Every structure is written in structure tokens, then in C-alpha cells.
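Listing of run30.csv, CSV, C-alpha atoms
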chain,number,residue,atom,x,y,z
A,161,MET,CA,30.6,-34.4,35.3
A,162,ASN,CA,30.6,-33.9,31.5
A,163,MET,CA,30.1,-30.6,29.6
A,164,ASP,CA,26.7,-31.7,28.4
A,165,ALA,CA,25.3,-31.7,31.9
A,166,HIS,CA,26.4,-28.1,32.5
A,167,GLU,CA,25.1,-26.9,29.2
A,168,LYS,CA,21.8,-28.6,29.9
A,169,ALA,CA,21.7,-27.1,33.4
A,170,ARG,CA,22.3,-23.6,31.9
A,171,SER,CA,19.5,-24.1,29.5
A,172,TRP,CA,17.2,-25.1,32.4
A,173,ILE,CA,18.4,-22.0,34.3
A,174,ASP,CA,17.3,-19.9,31.4
A,175,ARG,CA,14.0,-21.6,31.2
A,176,ARG,CA,13.5,-21.2,34.9
A,177,LEU,CA,14.3,-17.5,34.7
A,178,ALA,CA,11.9,-17.1,31.9
A,179,ALA,CA,9.3,-19.0,34.0
A,180,GLU,CA,9.0,-21.6,31.3
A,181,ALA,CA,10.7,-24.6,33.0
A,182,THR,CA,8.6,-27.7,33.6
A,183,ASP,CA,8.4,-29.3,37.1
A,184,GLU,CA,10.7,-32.0,35.8
A,185,GLU,CA,13.3,-29.5,34.5
A,186,ASN,CA,13.2,-27.6,37.8
A,187,ARG,CA,13.7,-30.9,39.7
A,188,LEU,CA,16.7,-31.9,37.5
A,189,LEU,CA,18.2,-28.4,37.8
A,190,ASP,CA,17.9,-28.4,41.6
A,191,GLU,CA,19.6,-31.8,41.7
A,192,HIS,CA,22.4,-30.5,39.5
A,193,LEU,CA,22.8,-27.2,41.4
A,194,ALA,CA,23.2,-29.2,44.7
A,195,VAL,CA,26.4,-30.6,43.4
A,196,CYS,CA,27.7,-28.0,40.9
A,197,ALA,CA,29.3,-24.8,42.2
A,198,ALA,CA,29.9,-23.4,38.7
A,199,CYS,CA,26.2,-23.6,37.7
A,200,ARG,CA,25.2,-22.2,41.1
A,201,LEU,CA,27.4,-19.2,40.3
A,202,SER,CA,26.0,-18.9,36.9
A,203,LEU,CA,22.4,-18.8,38.3
A,204,GLU,CA,23.4,-16.3,40.9
A,205,ARG,CA,25.0,-14.1,38.2
A,206,SER,CA,21.9,-14.3,36.0
A,207,LEU,CA,19.6,-13.5,38.9
A,208,ARG,CA,21.8,-10.5,39.9
A,209,ALA,CA,21.7,-9.2,36.4
A,210,LEU,CA,17.9,-9.5,36.1
A,211,ARG,CA,17.4,-7.8,39.5
A,212,GLY,CA,19.8,-5.1,38.2
A,213,LEU,CA,17.7,-4.5,35.1
A,214,GLY,CA,14.9,-3.0,37.1
A,215,GLU,CA,17.5,-0.6,38.6
A,216,LEU,CA,18.6,0.8,35.3
A,217,THR,CA,16.8,4.1,35.3
A,218,LEU,CA,17.2,7.4,33.5
A,219,ASP,CA,16.5,10.9,34.7
A,220,VAL,CA,13.5,12.0,32.7
A,221,ASP,CA,13.2,15.7,32.0
A,222,PRO,CA,10.5,16.8,34.5
A,223,GLY,CA,9.1,19.2,31.9
A,224,LEU,CA,8.5,16.4,29.4
A,225,THR,CA,5.2,15.3,30.9
A,226,ALA,CA,3.8,18.8,30.9
A,227,ARG,CA,4.9,19.3,27.3
A,228,VAL,CA,3.3,16.0,26.2
A,229,GLN,CA,0.1,16.9,28.0
A,230,ALA,CA,0.0,20.3,26.3
A,231,ALA,CA,0.5,18.7,22.9
A,232,ILE,CA,-2.3,16.2,23.6
A,233,ALA,CA,-4.6,19.1,24.5
A,234,ARG,CA,-3.7,21.0,21.4
A,235,ARG,CA,-4.2,17.9,19.2
A,236,ALA,CA,-7.5,17.0,20.9
A,237,ARG,CA,-8.8,20.5,20.1
A,238,ASP,CA,-7.6,20.2,16.5
A,239,LEU,CA,-9.3,16.8,16.2
A,240,GLU,CA,-12.5,18.2,17.6
A,241,ARG,CA,-12.4,21.0,15.0
A,242,ARG,CA,-11.8,18.5,12.2
A,243,ARG,CA,-14.7,16.3,13.4
A,244,ALA,CA,-17.0,19.3,13.4
A,245,HIS,CA,-15.8,20.2,9.9
A,246,ARG,CA,-16.4,16.6,8.8
A,247,ARG,CA,-19.9,16.6,10.3
A,248,ARG,CA,-20.7,19.8,8.3
A,249,MET,CA,-19.2,18.3,5.1
A,250,ILE,CA,-21.4,15.1,5.5
A,251,LEU,CA,-24.5,17.2,6.2
A,252,GLY,CA,-23.7,19.3,3.1
A,253,LEU,CA,-23.1,16.2,1.0
A,254,ALA,CA,-26.3,14.6,2.1
A,255,ALA,CA,-28.3,17.8,1.3
A,256,ALA,CA,-26.6,18.0,-2.1
A,257,LEU,CA,-27.4,14.4,-2.9
A,258,LEU,CA,-31.0,14.8,-1.9
A,259,LEU,CA,-31.4,17.9,-4.1
A,260,THR,CA,-29.6,16.1,-7.0
A,261,ALA,CA,-31.9,13.1,-6.7
A,262,ALA,CA,-35.0,15.3,-6.4
A,263,GLY,CA,-33.8,17.6,-9.3
A,264,SER,CA,-32.9,14.6,-11.5
A,265,PHE,CA,-36.3,13.0,-10.9
A,266,ALA,CA,-38.0,16.3,-11.8
A,267,VAL,CA,-35.9,16.7,-15.0
A,268,TRP,CA,-36.5,13.1,-15.9
A,269,THR,CA,-40.3,13.3,-15.5
A,270,LEU,CA,-41.1,16.9,-16.5
A,271,THR,CA,-38.8,17.8,-19.3
A,272,PRO,CA,-38.2,16.6,-22.9
A,273,PRO,CA,-35.5,13.9,-23.7
A,274,ALA,CA,-32.9,16.5,-24.9
A,275,TRP,CA,-32.9,18.1,-21.4
A,276,THR,CA,-32.5,14.7,-19.8
A,277,ALA,CA,-29.4,14.0,-21.9
A,278,GLY,CA,-28.0,17.4,-21.1
A,279,VAL,CA,-28.4,16.7,-17.3
A,280,VAL,CA,-26.7,13.3,-17.6
A,281,ILE,CA,-23.8,14.7,-19.7
A,282,PHE,CA,-23.2,18.0,-17.9
A,283,TRP,CA,-24.3,17.1,-14.3
A,284,THR,CA,-24.5,13.4,-13.4
A,285,ILE,CA,-21.3,12.2,-15.2
A,286,PRO,CA,-19.1,15.1,-13.8
A,287,SER,CA,-20.6,14.6,-10.3
A,288,LEU,CA,-19.7,10.8,-10.4
A,289,CYS,CA,-16.2,11.6,-11.7
A,290,ALA,CA,-15.6,14.1,-8.9
A,291,ALA,CA,-16.9,11.6,-6.3
A,292,LEU,CA,-14.6,8.9,-7.7
A,293,GLY,CA,-11.7,11.3,-7.7
A,294,LEU,CA,-12.2,12.2,-4.1
A,295,LEU,CA,-12.6,8.6,-3.0
A,296,ALA,CA,-9.8,7.1,-5.1
A,297,PRO,CA,-6.9,8.0,-2.7
A,298,HIS,CA,-8.7,6.2,0.1
A,299,LEU,CA,-9.5,3.2,-2.0
A,300,LEU,CA,-6.1,2.8,-3.5
A,301,ALA,CA,-4.0,3.4,-0.3
A,302,PRO,CA,-1.3,0.7,0.0
A,303,PRO,CA,-1.4,-1.7,3.0
A,304,PRO,CA,0.9,-0.9,5.9
A,305,ARG,CA,4.4,-2.4,5.6
A,306,LYS,CA,5.8,-4.8,8.2
A,307,ARG,CA,8.5,-3.2,10.3
A,308,GLU,CA,11.7,-4.9,11.4
A,309,LEU,CA,14.3,-3.7,13.9
A,310,VAL,CA,17.2,-5.0,11.9
A,311,SER,CA,17.2,-5.1,8.1
B,201,MET,CA,-6.3,-9.9,37.9
B,202,ALA,CA,-10.0,-8.7,38.1
B,203,ALA,CA,-8.7,-5.2,39.0
B,204,GLU,CA,-6.4,-5.3,36.0
B,205,THR,CA,-9.2,-6.3,33.6
B,206,GLU,CA,-11.4,-3.6,35.1
B,207,GLU,CA,-8.6,-1.0,34.6
B,208,THR,CA,-8.1,-2.2,31.0
B,209,ALA,CA,-11.8,-1.9,30.3
B,210,ARG,CA,-11.8,1.6,31.8
B,211,ILE,CA,-8.9,2.7,29.6
B,212,ALA,CA,-10.5,1.2,26.5
B,213,GLN,CA,-13.8,3.0,27.3
B,214,GLY,CA,-12.0,6.3,27.7
B,215,LEU,CA,-9.9,5.9,24.5
B,216,ARG,CA,-12.9,4.9,22.4
B,217,ARG,CA,-15.3,7.5,23.8
B,218,ARG,CA,-17.7,8.9,21.2
B,219,GLY,CA,-16.6,12.4,20.3
B,220,GLY,CA,-12.9,11.8,21.0
B,221,ALA,CA,-10.6,10.2,23.6
B,222,ASP,CA,-10.9,11.3,27.2
B,223,VAL,CA,-8.0,13.8,27.6
B,224,ALA,CA,-8.0,13.7,31.4
B,225,LEU,CA,-7.6,9.9,31.2
B,226,LEU,CA,-4.7,10.3,28.7
B,227,ASN,CA,-3.0,12.8,31.0
B,228,ARG,CA,-3.1,10.3,33.8
B,229,LEU,CA,-1.7,7.6,31.5
B,230,VAL,CA,1.1,9.9,30.4
B,231,GLU,CA,2.1,10.4,34.1
B,232,ARG,CA,2.0,6.7,34.8
B,233,TYR,CA,3.9,5.4,31.8
B,234,GLN,CA,6.1,8.2,30.7
B,235,ALA,CA,9.3,7.0,32.5
B,236,ARG,CA,9.0,3.4,31.2
B,237,LEU,CA,8.3,4.6,27.7
B,238,VAL,CA,11.4,6.8,27.7
B,239,ARG,CA,13.5,4.0,29.1
B,240,TYR,CA,12.2,1.6,26.4
B,241,LEU,CA,12.9,4.0,23.6
B,242,VAL,CA,16.3,4.9,24.8
B,243,HIS,CA,17.1,1.1,24.9
B,244,LEU,CA,15.7,0.7,21.4
B,245,LEU,CA,17.6,3.6,19.9
B,246,GLY,CA,20.7,3.4,22.1
B,247,ARG,CA,20.7,7.1,22.6
B,248,ARG,CA,18.6,9.9,24.1
B,249,GLU,CA,18.4,12.2,21.1
B,250,HIS,CA,14.9,12.3,19.4
B,251,VAL,CA,13.4,10.1,22.2
B,252,GLU,CA,11.3,13.0,23.6
B,253,ASP,CA,9.9,13.7,20.1
B,254,LEU,CA,9.0,10.0,19.7
B,255,VAL,CA,7.4,9.9,23.2
B,256,GLN,CA,5.2,12.9,22.2
B,257,GLU,CA,4.4,11.3,18.9
B,258,THR,CA,3.4,8.1,20.6
B,259,TRP,CA,0.9,9.7,22.9
B,260,LEU,CA,-0.6,11.7,20.0
B,261,ARG,CA,-1.1,8.4,18.2
B,262,VAL,CA,-2.8,7.0,21.3
B,263,LEU,CA,-5.1,10.0,21.2
B,264,GLU,CA,-5.8,9.6,17.5
B,265,ARG,CA,-6.1,5.9,17.3
B,266,GLY,CA,-7.6,5.1,20.6
B,267,ARG,CA,-10.6,3.5,18.9
B,268,GLN,CA,-8.3,0.7,17.6
B,269,TYR,CA,-7.2,-0.3,21.1
B,270,ASP,CA,-8.3,-3.9,21.8
B,271,SER,CA,-9.2,-4.3,25.4
B,272,ARG,CA,-8.4,-8.0,25.4
B,273,LEU,CA,-4.7,-6.9,25.7
B,274,ARG,CA,-3.3,-4.8,28.5
B,275,PHE,CA,-2.6,-1.1,27.7
B,276,GLU,CA,1.2,-1.3,28.0
B,277,PRO,CA,1.9,-3.7,25.1
B,278,TRP,CA,-0.3,-1.6,22.8
B,279,LEU,CA,1.5,1.6,23.9
B,280,PHE,CA,4.9,0.0,23.5
B,281,ALA,CA,3.9,-1.4,20.0
B,282,ILE,CA,3.0,2.1,18.9
B,283,ALA,CA,6.3,3.5,20.2
B,284,ARG,CA,8.3,0.7,18.6
B,285,ASN,CA,6.7,1.3,15.2
B,286,LEU,CA,7.4,5.0,15.4
B,287,ALA,CA,11.0,4.3,16.4
B,288,LEU,CA,11.4,1.9,13.5
B,289,ASP,CA,10.0,4.4,11.1
B,290,PHE,CA,12.4,7.0,12.5
B,291,LEU,CA,15.3,4.5,12.2
B,292,ARG,CA,14.4,3.9,8.6
B,293,ARG,CA,14.7,7.6,7.9
B,294,LYS,CA,17.8,8.1,10.0
B,295,PRO,CA,19.6,4.8,10.5
B,296,VAL,CA,21.6,4.4,13.8
B,297,PRO,CA,24.9,2.5,13.0
B,298,ALA,CA,24.7,0.4,16.2
B,299,LEU,CA,21.2,-0.9,15.3
B,300,ALA,CA,21.7,-1.2,11.6
B,301,ALA,CA,24.8,-3.4,12.0
B,302,PRO,CA,24.4,-5.5,15.2
B,303,ASP,CA,27.6,-7.4,14.6
B,304,GLY,CA,29.7,-4.3,14.0
B,305,PRO,CA,32.0,-2.6,16.5
B,306,VAL,CA,30.3,-1.3,19.7
B,307,SER,CA,30.3,2.5,20.0
B,308,PRO,CA,33.1,3.7,22.3
B,309,ASP,CA,30.7,6.2,23.9
B,310,PRO,CA,28.9,5.0,27.1
B,311,SER,CA,25.3,4.1,26.6
B,312,PRO,CA,22.8,6.6,28.3
B,313,PHE,CA,22.3,3.9,31.0
B,314,GLU,CA,26.0,3.5,31.7
B,315,ALA,CA,26.4,7.3,31.8
B,316,THR,CA,23.7,7.6,34.5
B,317,ALA,CA,24.5,4.3,36.4
B,318,LYS,CA,24.8,4.9,40.1
B,319,THR,CA,26.9,1.8,40.9
B,320,GLU,CA,29.8,0.0,39.2
B,321,GLU,CA,27.6,-3.1,39.0
B,322,ALA,CA,24.8,-1.1,37.2
B,323,ALA,CA,27.4,0.3,34.8
B,324,ARG,CA,28.7,-3.2,34.1
B,325,LEU,CA,25.2,-4.4,33.4
B,326,ALA,CA,24.5,-1.4,31.1
B,327,ARG,CA,27.7,-2.2,29.1
B,328,SER,CA,26.8,-5.8,28.8
B,329,LEU,CA,23.3,-5.0,27.6
B,330,ALA,CA,24.7,-2.5,25.1
B,331,ALA,CA,26.8,-5.2,23.6
B,332,LEU,CA,23.8,-7.5,22.9
B,333,GLU,CA,22.2,-7.8,19.5
B,334,PRO,CA,19.3,-5.3,19.5
B,335,LEU,CA,16.4,-7.7,19.0
B,336,THR,CA,17.8,-9.9,21.8
B,337,ARG,CA,18.2,-7.0,24.1
B,338,GLU,CA,14.7,-5.8,23.4
B,339,ALA,CA,13.1,-9.2,24.2
B,340,LEU,CA,15.1,-9.4,27.4
B,341,LEU,CA,14.2,-6.0,28.5
B,342,LEU,CA,10.5,-6.4,27.7
B,343,ARG,CA,10.4,-9.6,29.6
B,344,PHE,CA,12.5,-8.8,32.7
B,345,GLN,CA,12.4,-5.0,33.0
B,346,GLU,CA,8.8,-4.4,31.8
B,347,GLU,CA,7.6,-7.7,33.1
B,348,MET,CA,5.5,-8.5,30.0
B,349,SER,CA,4.4,-12.0,29.0
B,350,LEU,CA,5.8,-13.8,26.0
B,351,LEU,CA,2.5,-13.2,24.2
B,352,GLU,CA,2.5,-9.5,24.9
B,353,ILE,CA,6.1,-9.2,23.7
B,354,ALA,CA,5.1,-11.2,20.5
B,355,CYS,CA,2.4,-8.6,19.9
B,356,ILE,CA,4.8,-5.7,20.3
B,357,VAL,CA,7.6,-7.1,18.1
B,358,GLU,CA,5.2,-8.7,15.6
B,359,ALA,CA,6.9,-12.1,15.8
B,360,PRO,CA,5.8,-15.6,16.9
B,361,VAL,CA,5.9,-16.5,20.6
B,362,SER,CA,8.5,-19.2,19.8
B,363,THR,CA,10.8,-16.5,18.2
B,364,VAL,CA,10.4,-14.3,21.2
B,365,SER,CA,11.2,-17.2,23.5
B,366,SER,CA,14.4,-18.1,21.7
B,367,ARG,CA,15.5,-14.5,21.7
B,368,ILE,CA,15.1,-14.4,25.4
B,369,TYR,CA,17.1,-17.6,25.9
B,370,ARG,CA,19.8,-16.3,23.6
B,371,GLY,CA,19.7,-13.0,25.4
B,372,LEU,CA,20.1,-14.7,28.8
B,373,ALA,CA,23.0,-16.7,27.6
B,374,ALA,CA,24.7,-13.8,25.9
B,375,LEU,CA,24.2,-11.5,29.0
B,376,ARG,CA,25.7,-14.2,31.2
B,377,THR,CA,28.7,-14.5,28.9
B,378,GLN,CA,29.1,-10.7,28.7
B,379,LEU,CA,28.9,-10.4,32.5
B,380,GLU,CA,31.5,-13.1,33.0
B,381,LYS,CA,33.8,-11.3,30.6
B,382,GLU,CA,33.1,-8.0,32.3
B,383,GLU,CA,33.8,-9.5,35.7
B,384,ASN,CA,37.0,-11.1,34.5
B,385,GLU,CA,38.2,-7.8,33.0
B,386,HIS,CA,37.1,-5.5,35.8
B,387,GLY,CA,36.8,-7.7,38.8
B,388,ARG,CA,33.8,-8.3,41.0
B,389,PRO,CA,32.4,-5.3,42.9
Using the file provided, produce a representation of the structure as C-alpha cells.
Amino acid sequence: MNMDAHEKARSWIDRRLAAEATDEENRLLDEHLAVCAACRLSLERSLRALRGLGELTLDVDPGLTARVQAAIARRARDLERRRAHRRRMILGLAAALLLTAAGSFAVWTLTPPAWTAGVVIFWTIPSLCAALGLLAPHLLAPPPRKRELVS
Amino acid sequence: MAAETEETARIAQGLRRRGGADVALLNRLVERYQARLVRYLVHLLGRREHVEDLVQETWLRVLERGRQYDSRLRFEPWLFAIARNLALDFLRRKPVPALAAPDGPVSPDPSPFEATAKTEEAARLARSLAALEPLTREALLLRFQEEMSLLEIACIVEAPVSTVSSRIYRGLAALRTQLEKEENEHGRP
């Protein structure tokens, strides 16, 4: 039997172990295994190794689960506080926008042009700049980098 | 299969809950997956130091980003992907020589699995695994230890299925060669 046949058989063994072998590959492999002790040993060795993988265990610190659960509870409370804070911020912002819109409308319709210019220069433009300044970090955030195990 | 889909949907519902993830559900998930997560991270880093911090950080990410969980996938691959990304960020900050240079000399210290192996055969397997290239070892472990599908592994390692597949074949061949070498050097149990 030439080396090619054994190499092929070993690649079929790998495909069978990965549950990717076709029926034809399985049939050819079985035929080869019936007459080749070396490849039978190879299959047996691989099967033994894969069964052994499930038995590789570690003793996990019994306190770790409790510590993780406590950290989750702390973070959940923190997130809830942040959400409540954000809700208050949004409500405040909505109220401010409403008052600004109503105030601007009143200034625009009820006061002379000089007052209108003053409101635009000293109120509307600074407000827009502040809003852009607050939003910019979120808009300009770089996309996440692709990670690799080995550089 | 239907039970698994139902379970996945229940997890997704709990993680995406309006007003924050269901903490009781998370506590149950921690109990269920903790040991596997620790094992995966120890394999990935090749040591136990910092693994507990990474495990904790992983669960906190699950809590914070539960809304991003796609219930078309099982929970485990999503969890392992988070853990992997955190481990890679950690390695970028503090490179581990064995991972940074896969072809370099293998550390003389026994791996955590070898140190806790209960039989000589398990110790031999742990040594053989430790000698594999990290990406190959990872694919092999996710497939045969965690019993994930090729597609799930591809999602975790952010690589095409064909790449994962070839890593597994390469891993099987390398593991077999390593075991043959080990058996020749130390004899069969």
C-alpha cells in the first residue's frame, strides 16, 4: 500500500471526526481501515484524545460565582441609576428645547429686529455650538478594530 | 432542538428586557456556564492569572450589552465571543510570550491542565495541546470540547467557516503527531 493511501485515509479520519466526511469518504475509509492496522491505530489514538478533551477540567474557585453575581448586582444597580439620570436629562433637555422654541418665537414676533439679532448671536448660536460639542464625541467615535489572536 | 430554540428565546427576552437585563436570569447563566468559560479562557491565555477578572468582565458585558444578543445564535457562542474579545484586548496590553510567538519554545512550566490532570493520559493530552499553535488549539477545543458547530466557531473567532475547518484538520493532525511523539517518549499508559 503506498503512502498516498494512508495520507488520504488520515484526512478522511479527520473529516469523519469533524463530522464533515461524505458517505463516499466514510465508505472508502472503512474499506481502508479493514486492511490497515496503522490507520486503525491512528483513528483509535485520535478518538481517545478527543474523548480525553472533555475530561480536561480545572478546579474553579467556589467563591468566584458568588463574586461575579455580586458584581453583576452592583453593576445592575449602577446602570439603573444611570438610566434614571439619563431619563431626567432627556426630560430636562426636552423642557429646555420647548422653552427655547417658545421664547424664540415670542422674541421673533413681539420685539424689534435688534433684539432678534441679539437672541441669535448670544443664545441660539452658543446653544447650537454646545449641542454640537456634546454630540461630537459620539459622532466621531472610531469603528471597533478587528481582533486577532496572533499578530 | 425546539427546547433549545425556546431556551435561546427566553435568554434573549431576559437580556433585552426593557429597563435592564433580568439579573436573576444572569445569575442562573453564570452558574451554568462559569466552569466552561474559565476553562476556555485558561486554554486561550495558557495560564490562570487574570482569568477570574476576565470572567467577571465578560458577565458584566453580557449585562450591559444584552440588547445586542441575536437570538438566532445560541447563547454560548455569543458569550464565548465576548470573552475572547476581552482576552485579546488583555493580551494586546500584556502580551503572553507563548501566544505572541506560536513557533517559539514551549514554556517549561506545566500548563494549568497538566498541573491538575488526574491521570498520566490526561497529562499527556494537556502537554500535546499546549504544544499546538494557539489558533489551531482554540478551534479544536471549541469543536470537540465545547461541541460547537463550525458556524458558531466562525462567529466566535471572526473567521470564515473554511478557515475554521482547516484549523480543525490541522489541529487534529498536529494533535495526533504530538500524541505519537509523547507515546514514543513516555510509553503507553
| field | Near-A:Gln229 list (12 Å; only C-alpha atoms; drop same-chain fewer than 2 positions) as a PyMOL selection string | value | (chain A and resi 223-227+231-236) or (chain B and resi 223-231+234+255-260+263)
| request: Taking only C-alpha atoms into account, report as an MDAnalysis selection string which residues of chain A lie within 9 Å of chain B. | output: chainID A and resid 170:171 174:175 177:178 202 205:206 209:220 224:225 227:229 231:233 235:236 239:240 243 306:311
| query | Mind pulling up the distance from atom CA of B:Ile353 to atom CA of B:Arg216? | reply | 23.7 Å
| field | Distance in Å - atom CA of B:Ile282 versus atom CA of B:Thr208 | value |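 Interatomic distance, atom CA of B:Ile282 to atom CA of B:Thr208: 17.0 Å.
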| Nearest residue to B:Arg210 from the set B:Arg327, B:His243, B:Arg274, B:Arg293 (distances using only C-alpha atoms) |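 With only C-alpha atoms as the atom set, the closest residue is B:Arg274.
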| said: Given all atoms listed in the file as the basis, pick out the residue of B:Ala209, B:Val251, B:Ala283, B:Leu241 nearest to B:Tyr269. | reply: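 Nearest candidate to B:Tyr269 out of B:Ala209, B:Val251, B:Ala283, B:Leu241: B:Ala209.
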| Point-to-point distance in Å for atom CA of B:Arg218 and atom CA of B:Ser271 |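 For atom CA of B:Ser271 relative to atom CA of B:Arg218, the distance reads 16.3 Å.
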